[in-house]
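Peer 1: For reference, this is start39.json, and it has JSON, C-alpha atoms.
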```json
[["chain", "number", "residue", "atom", "x", "y", "z"],
["A", 93, "MET", "CA", 70.10, 44.47, 81.66],
["A", 94, "ALA", "CA", 73.11, 43.86, 79.47],
["A", 95, "SER", "CA", 73.64, 40.30, 78.35],
["A", 96, "GLU", "CA", 77.24, 39.13, 78.52],
["A", 97, "SER", "CA", 77.94, 39.57, 74.81],
["A", 98, "HIS", "CA", 76.48, 43.12, 74.91],
["A", 99, "ALA", "CA", 78.23, 44.24, 78.03],
["A", 100, "HIS", "CA", 79.94, 47.53, 77.38],
["A", 101, "GLU", "CA", 80.17, 50.81, 79.16],
["A", 102, "GLU", "CA", 77.29, 53.05, 78.10],
["A", 103, "THR", "CA", 78.19, 56.33, 76.39],
["A", 104, "LEU", "CA", 76.16, 58.87, 74.40],
["A", 105, "ALA", "CA", 77.64, 57.48, 71.18],
["A", 106, "LEU", "CA", 77.06, 53.85, 72.20],
["A", 107, "ARG", "CA", 73.89, 53.08, 74.12],
["A", 108, "GLU", "CA", 73.37, 49.70, 75.72],
["A", 109, "GLN", "CA", 71.04, 48.35, 73.04],
["A", 110, "PHE", "CA", 73.54, 48.81, 70.19],
["A", 111, "GLU", "CA", 76.49, 46.64, 69.22],
["A", 112, "THR", "CA", 78.69, 49.35, 67.75],
["A", 113, "GLU", "CA", 78.78, 53.14, 67.44],
["A", 114, "ALA", "CA", 78.37, 52.84, 63.67],
["A", 115, "GLN", "CA", 75.20, 50.78, 64.16],
["A", 116, "GLN", "CA", 73.73, 53.38, 66.52],
["A", 117, "LYS", "CA", 74.61, 56.19, 64.09],
["A", 118, "ASP", "CA", 72.98, 54.33, 61.17],
["A", 119, "ALA", "CA", 69.82, 53.74, 63.21],
["A", 120, "SER", "CA", 69.61, 57.42, 64.21],
["A", 121, "THR", "CA", 70.19, 58.63, 60.65],
["A", 122, "LEU", "CA", 67.58, 56.25, 59.29],
["A", 123, "GLY", "CA", 65.05, 57.40, 61.89],
["A", 124, "MET", "CA", 65.65, 61.05, 60.99],
["A", 125, "TRP", "CA", 65.19, 60.35, 57.29],
["A", 126, "ILE", "CA", 61.91, 58.52, 57.96],
["A", 127, "PHE", "CA", 60.72, 61.58, 59.90],
["A", 128, "LEU", "CA", 61.80, 63.84, 57.02],
["A", 129, "ILE", "CA", 59.85, 61.68, 54.55],
["A", 130, "THR", "CA", 56.70, 62.21, 56.63],
["A", 131, "GLU", "CA", 57.47, 65.94, 56.40],
["A", 132, "VAL", "CA", 57.81, 65.63, 52.61],
["A", 133, "MET", "CA", 54.31, 64.12, 52.50],
["A", 134, "PHE", "CA", 53.00, 66.83, 54.86],
["A", 135, "PHE", "CA", 54.25, 69.63, 52.59],
["A", 136, "GLY", "CA", 53.38, 67.49, 49.52],
["A", 137, "GLY", "CA", 49.67, 67.89, 50.26],
["A", 138, "MET", "CA", 50.02, 71.67, 50.13],
["A", 139, "PHE", "CA", 52.12, 71.55, 46.96],
["A", 140, "LEU", "CA", 49.36, 69.40, 45.44],
["A", 141, "ALA", "CA", 46.61, 71.87, 46.44],
["A", 142, "TYR", "CA", 48.74, 74.66, 44.95],
["A", 143, "THR", "CA", 49.23, 72.74, 41.68],
["A", 144, "VAL", "CA", 45.52, 71.95, 41.33],
["A", 145, "TYR", "CA", 44.37, 75.56, 41.88],
["A", 146, "ARG", "CA", 47.14, 77.05, 39.76],
["A", 147, "ARG", "CA", 46.01, 74.75, 36.93],
["A", 148, "ILE", "CA", 42.39, 75.93, 37.31],
["A", 149, "TYR", "CA", 43.18, 79.67, 37.62],
["A", 150, "PRO", "CA", 46.52, 80.25, 35.83],
["A", 151, "GLU", "CA", 45.96, 83.96, 35.01],
["A", 152, "VAL", "CA", 44.80, 84.97, 38.49],
["A", 153, "PHE", "CA", 47.70, 83.05, 40.09],
["A", 154, "ALA", "CA", 50.21, 84.80, 37.81],
["A", 155, "LEU", "CA", 48.66, 88.19, 38.60],
["A", 156, "ALA", "CA", 48.54, 87.57, 42.37],
["A", 157, "SER", "CA", 52.10, 86.19, 42.35],
["A", 158, "SER", "CA", 53.35, 89.34, 40.62],
["A", 159, "SER", "CA", 52.49, 91.36, 43.76],
["A", 160, "LEU", "CA", 55.27, 89.53, 45.63],
["A", 161, "ASN", "CA", 58.74, 91.12, 45.51],
["A", 162, "VAL", "CA", 61.02, 88.81, 43.48],
["A", 163, "TYR", "CA", 64.22, 90.49, 44.62],
["A", 164, "ILE", "CA", 63.41, 90.17, 48.33],
["A", 165, "GLY", "CA", 62.44, 86.53, 47.71],
["A", 166, "ALA", "CA", 65.68, 85.80, 45.81],
["A", 167, "ALA", "CA", 67.80, 87.57, 48.45],
["A", 168, "ASN", "CA", 66.09, 85.55, 51.17],
["A", 169, "THR", "CA", 66.82, 82.36, 49.20],
["A", 170, "VAL", "CA", 70.51, 83.33, 49.21],
["A", 171, "VAL", "CA", 70.36, 83.97, 52.99],
["A", 172, "LEU", "CA", 68.88, 80.51, 53.52],
["A", 173, "LEU", "CA", 71.49, 78.87, 51.27],
["A", 174, "CYS", "CA", 74.22, 80.65, 53.29],
["A", 175, "SER", "CA", 72.69, 79.23, 56.48],
["A", 176, "SER", "CA", 72.81, 75.75, 54.91],
["A", 177, "LEU", "CA", 76.51, 76.23, 54.15],
["A", 178, "THR", "CA", 77.27, 77.31, 57.74],
["A", 179, "MET", "CA", 75.15, 74.39, 59.02],
["A", 180, "VAL", "CA", 77.06, 71.83, 56.94],
["A", 181, "LEU", "CA", 80.33, 73.39, 58.14],
["A", 182, "ALA", "CA", 79.09, 73.00, 61.74],
["A", 183, "VAL", "CA", 78.38, 69.31, 60.99],
["A", 184, "ARG", "CA", 81.89, 68.99, 59.54],
["A", 185, "ALA", "CA", 83.37, 70.60, 62.65],
["A", 186, "ALA", "CA", 81.39, 68.11, 64.75],
["A", 187, "GLN", "CA", 82.79, 65.22, 62.70],
["A", 188, "LEU", "CA", 86.26, 66.54, 63.57],
["A", 189, "GLY", "CA", 85.29, 67.26, 67.20],
["A", 190, "LYS", "CA", 86.28, 70.96, 67.02],
["A", 191, "THR", "CA", 84.05, 72.50, 69.69],
["A", 192, "LYS", "CA", 84.87, 76.16, 69.00],
["A", 193, "ALA", "CA", 84.18, 75.81, 65.27],
["A", 194, "ILE", "CA", 80.90, 73.96, 65.97],
["A", 195, "VAL", "CA", 79.67, 76.75, 68.24],
["A", 196, "ALA", "CA", 80.78, 79.50, 65.81],
["A", 197, "PHE", "CA", 79.10, 77.93, 62.76],
["A", 198, "LEU", "CA", 75.93, 77.12, 64.71],
["A", 199, "ILE", "CA", 75.68, 80.73, 65.90],
["A", 200, "LEU", "CA", 76.17, 81.95, 62.29],
["A", 201, "THR", "CA", 73.43, 79.55, 61.15],
["A", 202, "LEU", "CA", 71.11, 80.84, 63.87],
["A", 203, "ILE", "CA", 71.78, 84.47, 62.86],
["A", 204, "LEU", "CA", 71.13, 83.74, 59.16],
["A", 205, "GLY", "CA", 67.93, 81.88, 60.08],
["A", 206, "GLY", "CA", 66.91, 84.94, 62.11],
["A", 207, "VAL", "CA", 67.60, 87.23, 59.13],
["A", 208, "PHE", "CA", 65.43, 85.01, 56.92],
["A", 209, "LEU", "CA", 62.55, 85.15, 59.42],
["A", 210, "GLY", "CA", 62.96, 88.92, 59.81],
["A", 211, "VAL", "CA", 62.70, 89.46, 56.04],
["A", 212, "LYS", "CA", 59.71, 87.11, 55.95],
["A", 213, "ALA", "CA", 58.02, 89.15, 58.71],
["A", 214, "TYR", "CA", 58.66, 92.34, 56.71],
["A", 215, "GLU", "CA", 57.10, 90.76, 53.60],
["A", 216, "TRP", "CA", 54.07, 89.56, 55.56],
["A", 217, "ASN", "CA", 53.59, 92.99, 57.09],
["A", 218, "GLU", "CA", 53.63, 94.47, 53.57],
["A", 219, "LYS", "CA", 50.85, 92.04, 52.58],
["A", 220, "PHE", "CA", 48.78, 93.18, 55.57],
["A", 221, "GLU", "CA", 49.17, 96.83, 54.55],
["A", 222, "GLU", "CA", 48.22, 96.02, 50.94],
["A", 223, "HIS", "CA", 45.03, 94.18, 52.08],
["A", 224, "HIS", "CA", 46.29, 90.98, 50.48],
["A", 225, "ILE", "CA", 45.23, 88.89, 53.49],
["A", 226, "PRO", "CA", 42.39, 86.51, 52.55],
["A", 227, "GLY", "CA", 39.19, 87.56, 54.30],
["A", 228, "ALA", "CA", 36.55, 90.30, 54.40],
["A", 229, "SER", "CA", 38.99, 93.18, 53.79],
["A", 230, "PHE", "CA", 40.80, 91.46, 50.90],
["A", 231, "HIS", "CA", 41.33, 93.75, 47.93],
["A", 232, "PHE", "CA", 43.53, 93.31, 44.86],
["A", 233, "GLU", "CA", 43.78, 96.29, 42.46],
["A", 234, "GLY", "CA", 42.27, 95.75, 39.01],
["A", 235, "MET", "CA", 40.55, 92.42, 39.54],
["A", 236, "SER", "CA", 36.90, 91.48, 38.99],
["A", 237, "PRO", "CA", 34.99, 90.17, 42.06],
["A", 238, "ASP", "CA", 35.32, 86.62, 40.72],
["A", 239, "GLN", "CA", 39.04, 87.01, 40.31],
["A", 240, "GLN", "CA", 39.28, 88.54, 43.80],
["A", 241, "ALA", "CA", 37.86, 85.29, 45.19],
["A", 242, "HIS", "CA", 40.36, 83.19, 43.25],
["A", 243, "ALA", "CA", 43.29, 85.45, 44.17],
["A", 244, "GLN", "CA", 42.40, 84.74, 47.82],
["A", 245, "LEU", "CA", 43.06, 81.07, 47.10],
["A", 246, "PHE", "CA", 46.58, 82.01, 45.99],
["A", 247, "PHE", "CA", 47.20, 84.09, 49.10],
["A", 248, "SER", "CA", 45.70, 81.42, 51.39],
["A", 249, "LEU", "CA", 48.18, 78.94, 49.93],
["A", 250, "TYR", "CA", 50.96, 81.55, 50.12],
["A", 251, "PHE", "CA", 50.38, 82.17, 53.83],
["A", 252, "ALA", "CA", 49.81, 78.50, 54.68],
["A", 253, "MET", "CA", 52.97, 77.36, 52.90],
["A", 254, "THR", "CA", 55.33, 80.18, 53.90],
["A", 255, "GLY", "CA", 53.78, 80.15, 57.39],
["A", 256, "LEU", "CA", 54.41, 76.45, 57.94],
["A", 257, "HIS", "CA", 57.88, 76.87, 56.46],
["A", 258, "ALA", "CA", 58.53, 79.72, 58.92],
["A", 259, "LEU", "CA", 57.21, 77.54, 61.78],
["A", 260, "HIS", "CA", 59.75, 74.88, 60.78],
["A", 261, "MET", "CA", 62.45, 77.56, 60.80],
["A", 262, "ILE", "CA", 61.44, 78.67, 64.32],
["A", 263, "ILE", "CA", 61.57, 75.06, 65.53],
["A", 264, "GLY", "CA", 64.94, 74.76, 63.78],
["A", 265, "ALA", "CA", 66.19, 77.87, 65.60],
["A", 266, "GLY", "CA", 65.16, 76.27, 68.92],
["A", 267, "LEU", "CA", 67.06, 73.10, 67.98],
["A", 268, "LEU", "CA", 70.12, 75.20, 67.08],
["A", 269, "LEU", "CA", 70.00, 76.87, 70.52],
["A", 270, "TYR", "CA", 69.90, 73.40, 72.11],
["A", 271, "LEU", "CA", 72.93, 72.36, 70.05],
["A", 272, "ILE", "CA", 74.85, 75.54, 70.90],
["A", 273, "VAL", "CA", 74.32, 75.04, 74.65],
["A", 274, "HIS", "CA", 75.44, 71.41, 74.44],
["A", 275, "ALA", "CA", 78.34, 72.11, 72.09],
["A", 276, "ARG", "CA", 79.68, 74.75, 74.51],
["A", 277, "ARG", "CA", 79.69, 72.11, 77.24],
["A", 278, "GLY", "CA", 81.90, 69.99, 74.99],
["A", 279, "VAL", "CA", 79.37, 67.22, 74.43],
["A", 280, "TYR", "CA", 80.39, 66.93, 70.76],
["A", 281, "ALA", "CA", 84.14, 67.19, 71.36],
["A", 282, "ASN", "CA", 84.93, 63.46, 71.27],
["A", 283, "GLY", "CA", 83.52, 62.23, 67.98],
["A", 284, "TYR", "CA", 79.89, 62.06, 69.14],
["A", 285, "ASP", "CA", 78.26, 64.19, 66.44],
["A", 286, "THR", "CA", 74.83, 62.56, 65.92],
["A", 287, "PRO", "CA", 72.61, 65.45, 67.21],
["A", 288, "VAL", "CA", 74.49, 68.02, 65.10],
["A", 289, "ASP", "CA", 74.27, 65.73, 62.09],
["A", 290, "LEU", "CA", 70.54, 65.02, 62.45],
["A", 291, "ILE", "CA", 69.52, 68.63, 63.13],
["A", 292, "GLY", "CA", 71.68, 69.49, 60.11],
["A", 293, "LEU", "CA", 69.53, 67.13, 58.04],
["A", 294, "TYR", "CA", 66.40, 68.89, 59.32],
["A", 295, "TRP", "CA", 67.82, 72.34, 58.53],
["A", 296, "HIS", "CA", 68.73, 71.31, 54.97],
["A", 297, "PHE", "CA", 65.29, 69.77, 54.50],
["A", 298, "VAL", "CA", 63.66, 73.09, 55.44],
["A", 299, "ASP", "CA", 66.02, 74.73, 52.94],
["A", 300, "ILE", "CA", 64.85, 72.33, 50.19],
["A", 301, "ILE", "CA", 61.20, 73.20, 50.91],
["A", 302, "TRP", "CA", 62.05, 76.88, 50.36],
["A", 303, "ILE", "CA", 63.98, 75.99, 47.16],
["A", 304, "PHE", "CA", 60.63, 74.81, 45.75],
["A", 305, "LEU", "CA", 58.45, 77.49, 47.38],
["A", 306, "PHE", "CA", 60.48, 80.37, 45.92],
["A", 307, "PRO", "CA", 59.96, 79.66, 42.18],
["A", 308, "LEU", "CA", 56.40, 78.38, 42.69],
["A", 309, "LEU", "CA", 55.15, 81.36, 44.70],
["A", 310, "TYR", "CA", 57.30, 84.26, 43.44],
["A", 311, "LEU", "CA", 58.21, 83.44, 39.85],
["A", 312, "ILE", "CA", 54.96, 82.58, 38.03],
["A", 313, "ASP", "CA", 55.03, 84.00, 34.48],
["A", 314, "ARG", "CA", 56.97, 87.14, 35.38],
["A", 315, "HIS", "CA", 57.51, 87.98, 31.70],
["A", 316, "MET", "CA", 53.80, 88.82, 31.41],
["A", 317, "ARG", "CA", 54.33, 92.09, 33.23],
["B", 202, "MET", "CA", 83.47, 57.77, 63.74],
["B", 203, "SER", "CA", 82.02, 59.33, 60.61],
["B", 204, "ALA", "CA", 83.69, 57.60, 57.70],
["B", 205, "HIS", "CA", 83.56, 60.53, 55.29],
["B", 206, "VAL", "CA", 84.64, 64.09, 56.06],
["B", 207, "ASP", "CA", 84.21, 66.23, 52.93],
["B", 208, "SER", "CA", 86.56, 69.13, 52.32],
["B", 209, "VAL", "CA", 85.47, 72.72, 52.93],
["B", 210, "LYS", "CA", 86.22, 73.33, 49.23],
["B", 211, "THR", "CA", 83.56, 70.79, 48.18],
["B", 212, "TYR", "CA", 80.94, 72.51, 50.33],
["B", 213, "VAL", "CA", 81.86, 75.98, 49.09],
["B", 214, "LEU", "CA", 81.70, 74.83, 45.43],
["B", 215, "VAL", "CA", 78.26, 73.28, 46.00],
["B", 216, "PHE", "CA", 77.16, 76.48, 47.73],
["B", 217, "LEU", "CA", 78.37, 78.61, 44.76],
["B", 218, "ALA", "CA", 76.52, 76.31, 42.35],
["B", 219, "LEU", "CA", 73.35, 76.79, 44.43],
["B", 220, "ILE", "CA", 73.73, 80.59, 44.30],
["B", 221, "CYS", "CA", 74.25, 80.48, 40.50],
["B", 222, "LEU", "CA", 71.12, 78.34, 40.11],
["B", 223, "THR", "CA", 69.13, 80.80, 42.27],
["B", 224, "VAL", "CA", 70.21, 83.69, 40.00],
["B", 225, "ALA", "CA", 69.40, 81.55, 36.93],
["B", 226, "THR", "CA", 65.89, 80.65, 38.11],
["B", 227, "THR", "CA", 65.15, 84.30, 38.92],
["B", 228, "ALA", "CA", 66.46, 85.51, 35.53],
["B", 229, "VAL", "CA", 64.72, 82.84, 33.48],
["B", 230, "ALA", "CA", 61.36, 83.76, 35.06],
["B", 231, "PHE", "CA", 61.47, 87.08, 33.16],
["B", 232, "VAL", "CA", 61.96, 85.31, 29.80],
["B", 233, "ASN", "CA", 58.87, 84.21, 27.90],
["B", 234, "LEU", "CA", 59.22, 80.44, 27.57],
["B", 235, "GLY", "CA", 55.48, 79.79, 27.42],
["B", 236, "ALA", "CA", 54.52, 76.50, 29.06],
["B", 237, "PHE", "CA", 58.22, 75.69, 29.54],
["B", 238, "SER", "CA", 58.76, 78.39, 32.16],
["B", 239, "VAL", "CA", 57.29, 76.08, 34.84],
["B", 240, "VAL", "CA", 59.44, 73.22, 33.49],
["B", 241, "ALA", "CA", 62.55, 75.42, 33.75],
["B", 242, "ALA", "CA", 61.62, 76.59, 37.28],
["B", 243, "LEU", "CA", 60.98, 73.06, 38.56],
["B", 244, "GLY", "CA", 64.01, 71.65, 36.70],
["B", 245, "ILE", "CA", 66.34, 74.16, 38.37],
["B", 246, "ALA", "CA", 64.67, 73.60, 41.76],
["B", 247, "THR", "CA", 65.15, 69.83, 41.37],
["B", 248, "CYS", "CA", 68.87, 70.34, 40.56],
["B", 249, "LYS", "CA", 69.21, 72.47, 43.71],
["B", 250, "MET", "CA", 67.39, 69.83, 45.76],
["B", 251, "LEU", "CA", 69.75, 67.12, 44.45],
["B", 252, "LEU", "CA", 72.83, 69.23, 45.29],
["B", 253, "VAL", "CA", 71.59, 69.87, 48.84],
["B", 254, "ALA", "CA", 70.53, 66.24, 49.39],
["B", 255, "LEU", "CA", 73.63, 64.60, 47.89],
["B", 256, "PHE", "CA", 76.29, 66.90, 49.34],
["B", 257, "PHE", "CA", 74.87, 68.80, 52.35],
["B", 258, "MET", "CA", 72.68, 65.93, 53.56],
["B", 259, "HIS", "CA", 75.41, 63.38, 52.72],
["B", 260, "VAL", "CA", 73.13, 61.07, 50.74],
["B", 261, "ARG", "CA", 76.12, 60.21, 48.54],
["B", 262, "HIS", "CA", 77.84, 58.71, 51.60],
["B", 263, "SER", "CA", 74.72, 57.14, 53.16],
["B", 264, "SER", "CA", 73.88, 53.49, 53.52],
["B", 265, "MET", "CA", 71.78, 51.72, 50.87],
["B", 266, "LEU", "CA", 68.89, 51.50, 53.34],
["B", 267, "THR", "CA", 68.84, 55.30, 53.81],
["B", 268, "ARG", "CA", 68.95, 55.85, 50.04],
["B", 269, "LEU", "CA", 66.08, 53.38, 49.62],
["B", 270, "ILE", "CA", 64.02, 55.31, 52.19],
["B", 271, "VAL", "CA", 64.72, 58.61, 50.40],
["B", 272, "LEU", "CA", 63.77, 57.15, 47.00],
["B", 273, "GLY", "CA", 60.68, 55.51, 48.50],
["B", 274, "GLY", "CA", 59.58, 58.86, 49.93],
["B", 275, "LEU", "CA", 59.99, 60.61, 46.60],
["B", 276, "LEU", "CA", 58.11, 57.77, 44.88],
["B", 277, "TRP", "CA", 55.20, 58.23, 47.29],
["B", 278, "LEU", "CA", 55.20, 61.99, 46.64],
["B", 279, "ALA", "CA", 55.13, 61.25, 42.89],
["B", 280, "ILE", "CA", 52.09, 58.98, 43.40],
["B", 281, "LEU", "CA", 50.33, 61.75, 45.34],
["B", 282, "LEU", "CA", 50.99, 64.38, 42.66],
["B", 283, "LEU", "CA", 50.78, 62.37, 39.43],
["B", 284, "LEU", "CA", 47.68, 60.29, 40.17],
["B", 285, "THR", "CA", 45.75, 63.34, 41.42],
["B", 286, "LEU", "CA", 46.75, 65.36, 38.35],
["B", 287, "GLY", "CA", 45.89, 62.36, 36.16],
["B", 288, "ASP", "CA", 42.35, 62.48, 37.59],
["B", 289, "MET", "CA", 42.16, 66.24, 37.10],
["B", 290, "VAL", "CA", 43.29, 66.10, 33.47],
["B", 291, "SER", "CA", 41.28, 63.08, 32.38],
["B", 292, "ARG", "CA", 38.04, 63.28, 34.42],
["B", 293, "GLY", "CA", 36.23, 66.59, 34.11],
["B", 294, "TRP", "CA", 33.62, 65.49, 36.63],
["B", 295, "VAL", "CA", 36.06, 65.25, 39.56],
["B", 296, "GLY", "CA", 34.94, 68.01, 41.88],
["B", 297, "VAL", "CA", 37.32, 70.61, 43.34],
["B", 298, "PRO", "CA", 36.20, 72.77, 46.27],
["B", 299, "GLY", "CA", 36.13, 76.45, 45.38],
["B", 300, "ARG", "CA", 35.41, 76.06, 41.67]]
```
Would it be possible to restate this file's structure as structure tokens?
Peer 2:
Amino acid sequence: MASESHAHEETLALREQFETEAQQKDASTLGMWIFLITEVMFFGGMFLAYTVYRRIYPEVFALASSSLNVYIGAANTVVLLCSSLTMVLAVRAAQLGKTKAIVAFLILTLILGGVFLGVKAYEWNEKFEEHHIPGASFHFEGMSPDQQAHAQLFFSLYFAMTGLHALHMIIGAGLLLYLIVHARRGVYANGYDTPVDLIGLYWHFVDIIWIFLFPLLYLIDRHMR
Amino acid sequence: MSAHVDSVKTYVLVFLALICLTVATTAVAFVNLGAFSVVAALGIATCKMLLVALFFMHVRHSSMLTRLIVLGGLLWLAILLLLTLGDMVSRGWVGVPGR
């Protein structure tokens, strides 16, 4: 029920309850950031658990971390950073309303995200073969039984944190597919770029989580070996 | 509609800086810096986070309210981490599961 002062034709960029397109965009952006802050706190709990246990068992954490492949981890970081670049270029294309460029950059982002997940799957499979999965069959060469128990803490945190990061990537891939389908229909051709922008924020947030996970999980005291 | 459209050049430069920092953090991990290795790792990660947030997530063009929300979130994260670590460091009797 539009009041007289609010009466305007409803579009995707300007819903009935908003005065101007800029106001609607600001509200959407703010909402997305508040969601991302809840995600920061969600991952923050795991980063805290990691910090506490690394402080209690520094040697075991360094030893367990050294079994991860730094070069694969670094390469995967580069892949994810590339996907962030293509994502931000898709957002830029959406700001300019260039449908073909939006679709192309979104597809590139999706492919790079897929590469990241593929590499992650390869790394996880390696951990399964090395018996580095916490549980009854856990075994880490050259550790005392006490240390074996503590190393399982490291790998529990490793799988929880990279696993939840990967889950966020999978959700992100689903969101990218949604954007690609809509972009192809020309939904973002006329200056309405909010969904691309907000999913871009989500994608970059997931990138930031990995930016912290990589040094914390892969790069503990490498000079010791 | 969007007030600020950054140039492709800006994004590519930020991306190259991020790649350089990734190489730097990997290389510095093999150098013995003692207790400072974790400082170096987190310092570089924080720089990368700032680059992504300011440029890719457009915080430098956002409204004051959005910036306030971002800062507030980081403040809350700092409370979570610092107060818990404060307890760990200063109160030996605080129990931790698994120890």
Peer 1: Pick out the residues sitting within 9 Å of range 124-140 of chain A, and hand them over as a PyMOL selection string; count all atoms listed in the file, and ignore anything fewer than 2 positions along from it in its own chain.
Peer 2: (chain A and resi 119-122+142-145+249+252-253+256-257+290-291+293-294+297+301+305) or (chain B and resi 267+270-271+273-275+277-278+281-282+285-286)
Peer 1: CA of Leu104 in chain A to CA of Ala185 in chain A: how many Å, to one decimal?
Peer 2: 18.1 Å
Peer 1: May I have the residues within 10 Å of Ser157 in chain A as a ChimeraX atom specification, using all atoms listed in the file and disregarding those fewer than 2 positions away in the same chain?
Peer 2: /A:151-155,159-162,243,246-247,250,308-314
Peer 1: Mind pulling up the distance from CA of Ala265 in chain A to CA of Leu177 in chain A?
Peer 2: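 Computed distance, CA of Leu177 in chain A to CA of Ala265 in chain A, equals 15.5 Å.
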Peer 1: Residues of chain B near chain A: apply a cut-off of 9 Å, count all atoms listed in the file, and supply the list as number ranges by chain.
Peer 2: B: 202-203, 205-209, 212-213, 215-216, 219-220, 223-224, 226-227, 230-235, 238-239, 242-243, 246-247, 249-250, 253-254, 257-259, 263-264, 266-267, 270-271, 273-275, 277-278, 281-282, 285-286, 289, 297, 299-300
Peer 1: Let me have the centre and edge lengths of the axis-aligned box enclosing all listed atoms of range 231-235 of chain B with 3 Å padding on every side, in Å to one decimal, as JSON.
Peer 2:
```
{"center_x": 58.7, "center_y": 83.4, "center_z": 30.3, "size_x": 12.5, "size_y": 13.3, "size_z": 11.7}
```
Peer 1: Go ahead and compute the interatomic distance for CA of Thr211 in chain B and CA of Leu252 in chain B, in Å to one decimal.
Peer 2: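 A separation of 11.2 Å between them.
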